[in-house]
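Visitor: Below is the file start-v2.cif, with mmCIF, C-alpha atoms.
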data_structure
loop_
_atom_site.label_atom_id
_atom_site.label_comp_id
_atom_site.auth_asym_id
_atom_site.auth_seq_id
_atom_site.Cartn_x
_atom_site.Cartn_y
_atom_site.Cartn_z
CA MET S 30 19.21 -108.40 -63.27
CA GLU S 31 17.47 -111.64 -62.49
CA HIS S 32 18.90 -114.44 -60.49
CA THR S 33 17.97 -118.00 -59.97
CA GLN S 34 16.55 -118.91 -56.61
CA THR S 35 19.20 -119.13 -53.91
CA LEU S 36 19.68 -122.64 -52.63
CA GLN S 37 20.80 -123.46 -49.12
CA LEU S 38 22.67 -126.70 -48.47
CA TYR S 39 23.82 -128.00 -45.13
CA GLY S 40 27.21 -129.68 -44.83
CA THR S 41 28.14 -132.43 -42.42
CA ALA S 42 29.22 -129.94 -39.74
CA GLY S 43 25.95 -128.04 -40.03
CA VAL S 44 27.63 -125.25 -41.98
CA ARG S 45 25.22 -123.56 -44.37
CA TYR S 46 26.42 -123.20 -47.95
CA ASN S 47 24.95 -120.74 -50.36
CA VAL S 48 25.12 -122.43 -53.73
CA GLU S 49 24.63 -119.28 -55.80
CA ALA S 50 27.32 -117.39 -53.92
CA MET S 51 29.67 -120.33 -54.43
CA THR S 52 29.06 -120.68 -58.16
CA ARG S 53 29.70 -117.02 -58.94
CA SER S 54 33.11 -115.68 -57.95
CA ASP S 55 33.37 -112.80 -55.51
CA VAL S 56 34.77 -110.59 -58.24
CA GLN S 57 31.81 -111.39 -60.50
CA LEU S 58 29.38 -110.70 -57.65
CA MET S 59 31.08 -107.37 -56.97
CA LEU S 60 31.01 -106.43 -60.65
CA ASP S 61 27.27 -107.18 -60.61
CA VAL S 62 26.91 -104.94 -57.56
CA LYS S 63 28.76 -102.26 -59.51
CA ALA S 64 26.24 -102.67 -62.31
CA GLY S 65 23.45 -101.98 -59.82
CA ASP S 66 22.47 -105.49 -58.74
CA GLU S 67 21.51 -105.31 -55.05
CA ALA S 68 20.91 -109.07 -54.84
CA SER S 69 24.60 -109.74 -55.50
CA PHE S 70 25.49 -107.46 -52.61
CA ASN S 71 23.20 -109.53 -50.37
CA LEU S 72 25.02 -112.68 -51.47
CA LEU S 73 28.37 -111.15 -50.52
CA LEU S 74 26.85 -110.04 -47.23
CA GLN S 75 25.64 -113.58 -46.48
CA LYS S 76 28.97 -115.08 -47.43
CA TYR S 77 31.24 -112.78 -45.46
CA ARG S 78 29.29 -111.44 -42.49
CA THR S 79 30.30 -114.32 -40.15
CA PRO S 80 34.02 -114.43 -41.09
CA LEU S 81 34.16 -110.65 -40.89
CA VAL S 82 32.38 -110.39 -37.51
CA ASN S 83 34.65 -113.12 -36.11
CA PHE S 84 37.79 -111.46 -37.43
CA LEU S 85 36.74 -108.13 -35.97
CA TYR S 86 35.64 -109.72 -32.69
CA ARG S 87 39.07 -111.35 -32.34
CA MET S 88 40.63 -107.98 -33.07
CA VAL S 89 38.60 -105.71 -30.77
CA ARG S 90 37.21 -108.34 -28.32
CA ASN S 91 33.83 -106.66 -28.07
CA THR S 92 30.86 -108.14 -29.92
CA ALA S 93 28.83 -104.94 -30.27
CA GLN S 94 31.85 -103.06 -31.54
CA ALA S 95 32.79 -105.92 -33.87
CA GLU S 96 29.29 -105.85 -35.39
CA ASP S 97 29.38 -102.07 -35.79
CA LEU S 98 32.73 -102.31 -37.54
CA ALA S 99 31.50 -105.13 -39.79
CA GLN S 100 28.53 -102.96 -40.74
CA GLU S 101 30.90 -100.13 -41.57
CA VAL S 102 33.01 -102.45 -43.73
CA PHE S 103 29.99 -103.54 -45.78
CA LEU S 104 28.79 -99.98 -46.07
CA ARG S 105 32.17 -98.87 -47.40
CA VAL S 106 32.17 -101.72 -49.90
CA TYR S 107 28.72 -100.62 -51.06
CA ARG S 108 29.73 -96.96 -51.30
CA ALA S 109 32.87 -97.84 -53.29
CA ARG S 110 31.02 -100.17 -55.70
CA LYS S 111 31.17 -97.71 -58.63
CA GLN S 112 34.94 -97.38 -58.33
CA TYR S 113 35.51 -101.13 -57.90
CA SER S 114 37.98 -102.70 -60.29
CA PRO S 115 38.99 -106.34 -59.92
CA SER S 116 42.71 -105.67 -59.58
CA ALA S 117 43.01 -107.83 -56.47
CA LYS S 118 41.02 -110.58 -54.78
CA PHE S 119 37.78 -109.37 -53.25
CA THR S 120 38.75 -110.78 -49.84
CA THR S 121 42.02 -108.83 -49.90
CA TRP S 122 40.05 -105.62 -50.35
CA LEU S 123 37.40 -106.60 -47.81
CA PHE S 124 39.82 -107.60 -45.06
CA ARG S 125 42.05 -104.63 -45.76
CA ILE S 126 39.14 -102.32 -45.01
CA ALA S 127 38.30 -104.41 -41.94
CA THR S 128 41.91 -104.37 -40.71
CA ASN S 129 42.22 -100.61 -41.08
CA LEU S 130 38.93 -100.02 -39.29
CA ALA S 131 39.83 -102.42 -36.48
CA LEU S 132 43.27 -100.87 -35.95
CA ASN S 133 41.78 -97.36 -35.95
CA SER S 134 39.12 -98.48 -33.49
CA LEU S 135 41.72 -100.03 -31.18
CA ARG S 136 43.73 -96.81 -31.25
CA ASP S 137 40.62 -94.72 -30.57
CA ASN S 138 39.72 -97.00 -27.64
CA ARG S 139 43.21 -96.64 -26.27
CA TYR S 140 43.06 -92.83 -26.38
CA ARG S 141 39.57 -92.84 -24.85
CA GLN S 142 40.74 -95.06 -22.02
CA MET S 143 43.73 -92.82 -21.42
CA ASP S 144 41.32 -89.89 -21.07
CA VAL S 145 39.16 -91.69 -18.50
CA SER S 146 41.72 -93.46 -16.39
CA ILE S 147 45.03 -95.12 -16.91
CA ASP S 148 43.93 -97.99 -14.69
CA ALA S 149 40.48 -98.49 -16.20
CA PRO S 150 39.92 -102.10 -17.26
CA VAL S 151 39.63 -102.90 -20.95
CA GLU S 152 35.98 -103.03 -22.04
CA GLU S 153 35.78 -106.55 -23.28
CA ASP S 154 32.98 -109.04 -23.37
CA ALA S 155 32.88 -111.04 -20.16
CA ALA S 156 31.95 -114.18 -22.03
CA PRO S 157 32.05 -115.34 -25.62
CA LEU S 158 28.75 -115.46 -27.46
CA GLN S 159 27.57 -118.87 -28.48
CA LEU S 160 29.38 -122.08 -27.87
CA ARG S 161 29.32 -124.53 -30.73
CA SER S 162 28.40 -127.46 -28.61
CA ARG S 163 25.19 -127.14 -26.59
CA GLU S 164 25.46 -130.65 -25.17
CA LEU S 165 28.29 -130.07 -22.74
CA ARG S 166 27.69 -130.14 -18.99
CA VAL S 167 27.83 -126.85 -17.10
CA ASP S 168 31.27 -127.52 -15.59
CA GLU S 169 32.57 -128.63 -18.98
CA GLN S 170 31.14 -125.51 -20.56
CA MET S 171 32.87 -123.38 -17.94
CA MET S 172 36.15 -125.16 -18.55
CA GLU S 173 35.80 -124.76 -22.29
CA ARG S 174 34.83 -121.12 -21.87
CA ASP S 175 37.86 -120.53 -19.69
CA ARG S 176 40.11 -122.19 -22.24
CA SER S 177 38.62 -120.16 -25.07
CA GLU S 178 39.00 -116.99 -23.08
CA PHE S 179 42.59 -117.86 -22.27
CA ILE S 180 43.33 -118.38 -25.96
CA ARG S 181 41.52 -115.19 -26.97
CA ARG S 182 43.49 -113.17 -24.44
CA ALA S 183 46.77 -114.62 -25.68
CA ILE S 184 45.89 -113.65 -29.26
CA ALA S 185 44.72 -110.21 -28.15
CA ALA S 186 48.02 -109.66 -26.33
CA LEU S 187 49.98 -109.99 -29.58
CA PRO S 188 51.21 -106.79 -31.24
CA GLU S 189 48.57 -105.53 -33.70
CA LYS S 190 50.31 -106.54 -36.91
CA GLN S 191 51.16 -109.99 -35.59
CA ARG S 192 47.56 -110.42 -34.44
CA VAL S 193 46.17 -109.54 -37.87
CA ALA S 194 48.66 -111.91 -39.50
CA VAL S 195 47.69 -114.81 -37.22
CA LEU S 196 43.94 -114.23 -37.61
CA LEU S 197 44.12 -114.06 -41.40
CA HIS S 198 46.51 -117.02 -41.63
CA LYS S 199 44.96 -119.34 -39.07
CA TYR S 200 41.26 -118.51 -39.17
CA GLU S 201 40.70 -117.06 -42.65
CA GLU S 202 43.28 -119.40 -44.22
CA MET S 203 44.47 -116.72 -46.60
CA ASP S 204 47.61 -117.25 -48.64
CA TYR S 205 50.78 -115.34 -47.86
CA GLY S 206 50.50 -113.00 -50.83
CA GLU S 207 47.04 -111.88 -49.81
CA ILE S 208 47.97 -111.29 -46.16
CA ALA S 209 51.12 -109.43 -47.23
CA LYS S 210 49.00 -107.10 -49.37
CA ILE S 211 46.60 -106.44 -46.50
CA LEU S 212 49.46 -105.70 -44.12
CA GLU S 213 51.43 -103.85 -46.80
CA CYS S 214 54.61 -105.83 -46.26
CA SER S 215 56.66 -108.36 -48.20
CA GLU S 216 55.92 -112.08 -48.06
CA SER S 217 59.32 -112.64 -46.48
CA ALA S 218 58.55 -110.09 -43.74
CA LEU S 219 55.15 -111.72 -43.23
CA LYS S 220 56.71 -115.16 -42.71
CA SER S 221 59.03 -113.72 -40.05
CA LEU S 222 56.04 -111.92 -38.48
CA LEU S 223 54.03 -115.14 -38.35
CA PHE S 224 56.93 -117.09 -36.89
CA ARG S 225 57.37 -114.54 -34.09
CA ALA S 226 53.62 -114.48 -33.40
CA TYR S 227 53.31 -118.27 -33.18
CA GLU S 228 56.46 -118.45 -31.09
CA THR S 229 54.90 -115.99 -28.60
CA LEU S 230 51.64 -117.95 -28.57
CA ARG S 231 53.54 -121.20 -28.07
CA VAL S 232 55.05 -119.78 -24.90
CA GLN S 233 51.84 -118.09 -23.69
CA LEU S 234 49.63 -121.11 -24.35
CA ALA S 235 52.16 -123.75 -23.28
CA PRO S 236 49.89 -125.04 -20.47
CA LEU S 237 47.03 -125.63 -22.94
CA VAL S 238 49.31 -127.21 -25.51
CA SER S 239 50.67 -129.72 -23.00
CA GLN S 240 47.14 -130.24 -21.54
CA SER S 241 45.68 -131.01 -24.95
CA VAL S 242 48.46 -133.50 -25.57
CA ALA S 243 47.85 -135.12 -22.17
CA ASN S 244 44.09 -135.28 -22.85
CA ARG S 245 44.65 -136.85 -26.22
CA ALA S 246 47.03 -139.39 -24.67
CA ARG S 247 44.41 -140.18 -21.98
CA GLU S 248 41.70 -140.61 -24.62
CA GLY S 249 44.03 -142.78 -26.70
CA ARG S 250 43.98 -140.31 -29.63
CA PRO S 251 47.14 -139.46 -31.58
CA SER S 252 48.39 -135.90 -31.12
CA MET I 5 72.63 -127.23 -43.69
CA LYS I 6 70.67 -124.05 -43.01
CA LYS I 7 70.81 -122.28 -39.67
CA CYS I 8 67.85 -122.26 -37.22
CA GLU I 9 67.19 -118.58 -37.94
CA GLU I 10 67.00 -119.16 -41.67
CA VAL I 11 64.70 -122.15 -41.27
CA SER I 12 62.36 -120.23 -38.96
CA LYS I 13 61.09 -118.19 -41.96
CA GLN I 14 60.24 -121.36 -43.84
CA LEU I 15 58.87 -123.31 -40.90
CA ILE I 16 55.29 -121.95 -40.97
CA ALA I 17 54.96 -122.50 -44.72
CA TYR I 18 56.33 -126.01 -44.22
CA LEU I 19 53.82 -126.80 -41.49
CA ASP I 20 50.79 -125.45 -43.37
CA ARG I 21 51.94 -127.29 -46.51
CA ARG I 22 52.40 -124.19 -48.63
CA ALA I 23 56.17 -124.54 -49.00
CA ASN I 24 57.53 -125.68 -52.34
CA SER I 25 59.42 -128.95 -52.62
CA ALA I 26 62.88 -127.35 -52.35
CA GLU I 27 61.92 -125.44 -49.19
CA ARG I 28 60.28 -128.54 -47.75
CA HIS I 29 63.42 -130.56 -48.33
CA GLU I 30 65.58 -127.90 -46.65
CA VAL I 31 63.33 -127.73 -43.60
CA GLU I 32 63.09 -131.51 -43.27
CA GLU I 33 66.86 -131.79 -43.47
CA HIS I 34 67.22 -129.22 -40.72
CA LEU I 35 64.52 -130.71 -38.47
CA ALA I 36 66.17 -134.12 -38.72
CA ALA I 37 69.38 -132.67 -37.34
CA CYS I 38 68.10 -129.98 -34.90
CA SER I 39 66.12 -131.23 -31.93
CA ALA I 40 65.16 -127.71 -30.75
CA CYS I 41 63.58 -126.81 -34.08
CA HIS I 42 61.99 -130.25 -34.30
CA GLU I 43 60.36 -129.72 -30.90
CA ARG I 44 59.25 -126.22 -31.92
CA ALA I 45 57.66 -127.55 -35.09
CA GLU I 46 55.76 -130.17 -33.10
CA ASP I 47 54.59 -127.49 -30.64
CA PHE I 48 53.37 -125.30 -33.49
CA ARG I 49 51.26 -128.17 -34.81
CA LYS I 50 49.72 -128.65 -31.35
CA LEU I 51 49.27 -124.92 -30.95
CA TRP I 52 47.19 -124.73 -34.13
CA GLY I 53 44.95 -127.44 -32.69
CA VAL I 54 44.54 -125.35 -29.54
CA LEU I 55 43.71 -122.22 -31.56
CA ASP I 56 40.94 -124.16 -33.31
CA GLU I 57 39.18 -124.58 -29.95
CA VAL I 58 38.03 -120.95 -30.00
CA PRO I 59 34.32 -121.05 -30.89
CA LEU I 60 32.84 -118.97 -33.67
CA VAL I 61 30.58 -116.06 -32.84
CA GLU I 62 27.46 -115.53 -34.91
CA PRO I 63 26.33 -112.07 -35.99
CA SER I 64 23.13 -110.93 -34.30
CA LEU I 65 19.80 -111.68 -36.00
CA GLY I 66 19.26 -108.06 -36.98
CA PHE I 67 22.66 -107.72 -38.64
CA ASP I 68 21.44 -107.96 -42.25
CA ALA I 69 18.38 -105.78 -41.58
CA ARG I 70 20.58 -103.08 -40.08
CA ILE I 71 22.97 -102.98 -43.00
CA ARG I 72 20.08 -102.94 -45.51
CA ALA I 73 18.49 -100.04 -43.62
CA ARG I 74 21.76 -98.13 -43.69
CA ILE I 75 22.14 -98.77 -47.41
CA ALA I 76 18.59 -97.59 -47.99
CA GLU I 77 19.53 -94.32 -46.28
CA GLU I 78 22.41 -93.80 -48.68
CA PRO I 79 21.74 -90.83 -51.00
CA ARG I 80 20.83 -91.80 -54.55
CA ARG I 81 22.46 -89.90 -57.38
CA GLY I 82 20.13 -87.71 -59.43
CA TRP I 83 20.59 -86.34 -62.96
CA LEU I 84 23.44 -84.17 -61.70
CA GLY I 85 25.17 -87.32 -60.56
CA TRP I 86 25.24 -88.60 -64.13
CA LEU I 87 26.68 -85.32 -65.36
CA VAL I 88 29.28 -85.17 -62.63
CA PRO I 89 30.12 -88.77 -61.77
CA GLN I 90 32.59 -88.04 -59.00
CA PRO I 91 32.49 -85.46 -56.20
CA ARG I 92 36.25 -84.88 -56.51
CA LEU I 93 35.86 -84.12 -60.20
CA ALA I 94 33.00 -81.74 -59.44
CA PHE I 95 35.12 -79.95 -56.86
CA ALA I 96 38.06 -79.69 -59.25
CA MET I 97 35.79 -78.28 -61.97
CA ALA I 98 34.32 -75.69 -59.59
CA LEU I 99 37.82 -74.70 -58.47
CA LEU I 100 38.98 -74.35 -62.07
CA LEU I 101 35.96 -72.19 -62.91
CA ALA I 102 36.57 -69.92 -59.91
CA LEU I 103 40.25 -69.62 -60.82
CA SER I 104 39.51 -68.72 -64.43
CA VAL I 105 37.01 -66.03 -63.33
CA TRP I 106 39.60 -64.58 -60.99
CA MET I 107 42.31 -64.69 -63.68
CA ALA I 108 40.00 -62.99 -66.18
CA LYS I 109 39.34 -60.20 -63.71
CA LEU I 110 42.97 -59.64 -62.75
CA PRO I 111 44.51 -58.33 -66.09
CA ARG I 112 41.65 -55.84 -66.65
CA GLU I 113 42.57 -53.92 -63.48
CA ALA I 114 46.23 -53.92 -64.51
CA ASN I 115 45.32 -52.50 -67.96
CA VAL I 116 43.38 -49.62 -66.41
CA ALA I 117 46.39 -48.67 -64.29
CA GLY I 118 48.69 -48.95 -67.32
CA ASN I 119 46.47 -46.75 -69.49
CA GLU I 120 46.49 -44.01 -66.89
CA GLN I 121 50.29 -44.08 -66.75
CA ASP I 122 50.53 -43.89 -70.54
CA PHE I 123 48.18 -40.91 -70.65
CA GLU I 124 50.24 -39.08 -68.03
CA ALA I 125 53.35 -39.62 -70.15
CA ILE I 126 51.93 -38.31 -73.47
CA LYS I 127 49.45 -35.67 -72.40
CA ASP I 128 52.12 -32.90 -72.80
CA LEU I 129 53.19 -34.03 -76.28
CA GLY I 130 50.88 -31.40 -77.86
CA VAL I 131 53.08 -28.68 -76.39
CA LEU I 132 56.08 -29.94 -78.35
CA GLU I 133 54.10 -29.73 -81.60
CA ASN I 134 53.19 -26.07 -80.91
CA TYR I 135 55.32 -23.81 -83.24
CA ASP I 136 55.23 -20.80 -80.92
CA VAL I 137 56.70 -22.79 -78.07
CA LEU I 138 59.40 -24.25 -80.28
CA SER I 139 60.32 -20.92 -81.93
CA LYS I 140 60.77 -19.19 -78.61
CA PHE I 141 62.68 -22.08 -77.06
CA ASP I 142 66.15 -20.57 -76.27
CA ALA I 143 68.05 -23.80 -76.64
CA LEU I 144 67.04 -24.04 -80.33
CA SER I 145 68.72 -20.67 -81.13
CA GLU I 146 72.10 -22.23 -80.44
CA VAL I 147 71.64 -24.84 -83.19
CA PRO I 148 73.89 -23.93 -86.25
CA VAL I 149 71.86 -22.89 -89.33
CA GLU I 150 74.57 -22.72 -92.07
CA ALA I 151 73.28 -25.61 -94.16
CA VAL I 152 69.78 -24.20 -94.46
CA PRO I 153 69.11 -22.00 -97.58
CA ALA I 154 68.12 -18.40 -96.99
CA ASP I 155 64.72 -18.63 -98.77
CA GLN I 156 63.74 -21.61 -96.59
CA GLN I 157 64.86 -19.95 -93.35
CA ALA I 158 62.16 -17.27 -93.50
CA GLN I 159 59.45 -19.73 -94.63
CA PRO I 160 57.02 -20.50 -91.81
CA VAL I 161 56.19 -24.09 -90.86
CA ASN I 162 52.96 -25.28 -92.36
CA GLN I 163 51.04 -27.11 -89.61
CA GLY I 164 48.05 -28.08 -91.70
CA GLY I 165 49.54 -31.28 -93.01
CA ASP I 166 49.26 -30.08 -96.66
CA GLN I 167 52.89 -28.89 -96.76
CA GLN I 168 54.44 -29.09 -100.23
CA PRO I 169 58.18 -29.55 -100.76
CA ALA I 170 60.01 -26.22 -101.39
CA THR I 171 60.86 -25.73 -105.06
CA GLU I 172 63.18 -23.22 -106.73
CA GLU I 173 61.35 -20.59 -108.70
#
Please go through the file and, once you have read it, give me the structure as structure tokens.

Guide:
Amino acid sequence: MEHTQTLQLYGTAGVRYNVEAMTRSDVQLMLDVKAGDEASFNLLLQKYRTPLVNFLYRMVRNTAQAEDLAQEVFLRVYRARKQYSPSAKFTTWLFRIATNLALNSLRDNRYRQMDVSIDAPVEEDAAPLQLRSRELRVDEQMMERDRSEFIRRAIAALPEKQRVAVLLHKYEEMDYGEIAKILECSESALKSLLFRAYETLRVQLAPLVSQSVANRAREGRPS
Amino acid sequence: MKKCEEVSKQLIAYLDRRANSAERHEVEEHLAACSACHERAEDFRKLWGVLDEVPLVEPSLGFDARIRARIAEEPRRGWLGWLVPQPRLAFAMALLLALSVWMAKLPREANVAGNEQDFEAIKDLGVLENYDVLSKFDALSEVPVEAVPADQQAQPVNQGGDQQPATEE
């Protein structure tokens, strides 16, 4: 199957958009993959590798492991291409695989750590990968890194299901129906789950919330 | 007015603007009257701003190359793959074949055993057809013979199969 040349556009925030991937729906791309079109698989890979790696990184808090899991997700999608039927949104399927793999990985890690030592520290990345802004001063970078780490730890401390719900709701901006399907619960149960998760984060991150408000007030920005 | 607990389920959908107009109205009515929930709603809005501060991580440069290499290692289906599209189906077919072979073998053994039993039961039947054995069998002498005519009593039994009915001369 032939495709037109892939165009790359850059948005105002420097985000790269793949025009071809945007014009064809995910379902259509996946159906093309099913028909044997490898180029469509590459388009899906380009579109979802960053969201998937970030989701998995926020789940397992280890970049190498997050990448390995993301690879496994794409490999499973590729292997299941012949059985693919567009009964649900592609992202629901994709993130369901990712969620299951992440939860299994977390459980495996937990058992492995119990084997080694009960007191062994969690193997997490000491620092996040790349900061978006490269123009900050060193002390500002450290402060921002500390804040980010503080937030990441608060999210990581949530119970697994609540964590998945928050990540998919806040960062992937999925609708309630989609998240409910991934978590295999009702929409009503999901809304309660999200409320409890955000309530916990509100308490855990209270210093940052008040700090951000104070900073905004100092800078004369509305909160 | 709804209770705080009831509104809590609708609060997130209200804040991320996914609530319908009826739900939105209910939540707004409650927030106007409940300072605790109003404060919580404001905190949630600020919290989402804080969560946005977490920077994105980028996949490593070799990410795509690695996945393409792994896909290239995936086994390609040959002509057998077109005949048997799914491994599960192939396994089920093999199992069915094995079962049918086993079933076909099972009744034949049972028949052999049955034939031997039947032979044991009938192998002495020839003795009963032997006239000498029957004529000397004591129990038969006690059978009353009044109804049998005298000329037929002395007539021997023809064992050749060409026996003609007795006629009066």

Visitor: Per residue of chain I within 8 Å of chain S, record the nearest atom pair and its distance in Å to one decimal, counting only C-alpha atoms, with rows in chain order and ascending residue number, as JSON lines.

Guide:
{"residue": "I:Ser12", "atom": "CA", "partner": "S:Phe224", "partner_atom": "CA", "distance": 6.6}
{"residue": "I:Lys13", "atom": "CA", "partner": "S:Ser221", "partner_atom": "CA", "distance": 5.3}
{"residue": "I:Gln14", "atom": "CA", "partner": "S:Lys220", "partner_atom": "CA", "distance": 7.2}
{"residue": "I:Leu15", "atom": "CA", "partner": "S:Phe224", "partner_atom": "CA", "distance": 7.7}
{"residue": "I:Ile16", "atom": "CA", "partner": "S:Phe224", "partner_atom": "CA", "distance": 6.6}
{"residue": "I:Ala17", "atom": "CA", "partner": "S:Lys220", "partner_atom": "CA", "distance": 7.8}
{"residue": "I:Asp47", "atom": "CA", "partner": "S:Arg231", "partner_atom": "CA", "distance": 6.9}
{"residue": "I:Phe48", "atom": "CA", "partner": "S:Arg231", "partner_atom": "CA", "distance": 6.8}
{"residue": "I:Lys50", "atom": "CA", "partner": "S:Val238", "partner_atom": "CA", "distance": 6.0}
{"residue": "I:Leu51", "atom": "CA", "partner": "S:Val238", "partner_atom": "CA", "distance": 5.9}
{"residue": "I:Trp52", "atom": "CA", "partner": "S:Lys199", "partner_atom": "CA", "distance": 7.6}
{"residue": "I:Val54", "atom": "CA", "partner": "S:Val238", "partner_atom": "CA", "distance": 6.5}
{"residue": "I:Leu55", "atom": "CA", "partner": "S:Ile180", "partner_atom": "CA", "distance": 6.8}
{"residue": "I:Glu57", "atom": "CA", "partner": "S:Ser177", "partner_atom": "CA", "distance": 6.6}
{"residue": "I:Val58", "atom": "CA", "partner": "S:Ser177", "partner_atom": "CA", "distance": 5.0}
{"residue": "I:Pro59", "atom": "CA", "partner": "S:Leu160", "partner_atom": "CA", "distance": 5.9}
{"residue": "I:Leu60", "atom": "CA", "partner": "S:Asn83", "partner_atom": "CA", "distance": 6.6}
{"residue": "I:Val61", "atom": "CA", "partner": "S:Leu158", "partner_atom": "CA", "distance": 5.7}
{"residue": "I:Glu62", "atom": "CA", "partner": "S:Thr79", "partner_atom": "CA", "distance": 6.1}
{"residue": "I:Pro63", "atom": "CA", "partner": "S:Thr79", "partner_atom": "CA", "distance": 6.2}
{"residue": "I:Phe67", "atom": "CA", "partner": "S:Glu96", "partner_atom": "CA", "distance": 7.6}
{"residue": "I:Asp68", "atom": "CA", "partner": "S:Leu74", "partner_atom": "CA", "distance": 7.6}
{"residue": "I:Arg70", "atom": "CA", "partner": "S:Gln100", "partner_atom": "CA", "distance": 8.0}
{"residue": "I:Ile71", "atom": "CA", "partner": "S:Gln100", "partner_atom": "CA", "distance": 6.0}
{"residue": "I:Arg74", "atom": "CA", "partner": "S:Leu104", "partner_atom": "CA", "distance": 7.6}
{"residue": "I:Ile75", "atom": "CA", "partner": "S:Leu104", "partner_atom": "CA", "distance": 6.9}

Visitor: With a distance cut-off of 10 Å and all atoms listed in the file, select the neighbouring residues of segment 120-137 of chain S, excluding the residue or stretch itself and same-chain residues fewer than 3 positions from it, and output the selection as a VMD selection string.

Guide: chain S and resid 55 to 56 77 80 to 82 84 to 90 94 to 95 98 to 103 105 to 106 113 115 to 117 140 to 143 189 to 190 193 197 201 203 206 to 213

Visitor: Can you work out the spacing between atom CA of Ala76 of chain I and atom CA of Phe70 of chain S in Å, to one decimal?

Guide: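 Distance reported for this atom pair: 12.9 Å.
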
Visitor: With all atoms listed in the file as the basis for distance, which of I:Phe123, I:Phe95, I:Tyr18, I:Trp106 is at the shortest distance from Arg49 of chain I?

Guide: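 Closest to Arg49 of chain I of all the choices is I:Tyr18.
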
Visitor: Using the chain letters and numbering of this document, enumerate as a list of chain:residue names the residues selected by the PyMOL selection byres ((chain S and resi 57) around 12).

Guide: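 After applying the PyMOL selection byres ((chain S and resi 57) around 12), what remains is S:Glu49, S:Ala50, S:Met51, S:Thr52, S:Arg53, S:Ser54, S:Asp55, S:Val56, S:Leu58, S:Met59, S:Leu60, S:Asp61, S:Val62, S:Lys63, S:Ala64, S:Asp66, S:Ser69, S:Phe70, S:Leu72, S:Leu73, S:Tyr113, S:Ser114, S:Pro115, S:Lys118, S:Phe119.
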
Visitor: Would you compute the distance between atom CA of Glu27 of chain I and atom CA of Arg192 of chain S? Give it in Å to one decimal.

Guide: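 Atom CA of Glu27 of chain I sits 25.5 Å away from atom CA of Arg192 of chain S.
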
Visitor: For a test of reading the model, state the distance in Å between atom CA of Leu19 of chain I and atom CA of Lys76 of chain S, rounded to one decimal.

Guide: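 Computing the Euclidean distance for atom CA of Leu19 of chain I and atom CA of Lys76 of chain S yields 28.1 Å.
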
Visitor: Return as lines of an AutoDock Vina configuration file the box centre and box size in Å, one decimal, for an axis-aligned box around all listed atoms of segment 62-76 of chain S padded by 8 Å per side.

Guide:
center_x = 24.9
center_y = -108.5
center_z = -54.4
size_x = 24.1
size_y = 29.1
size_z = 31.8

Visitor: Looking at I:Lys109, I:Arg72, I:Arg92, I:Lys6, which one is nearest to His34 of chain I, with distances taken over only C-alpha atoms?

Guide: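 Closest residue, counting only C-alpha atoms: I:Lys6.
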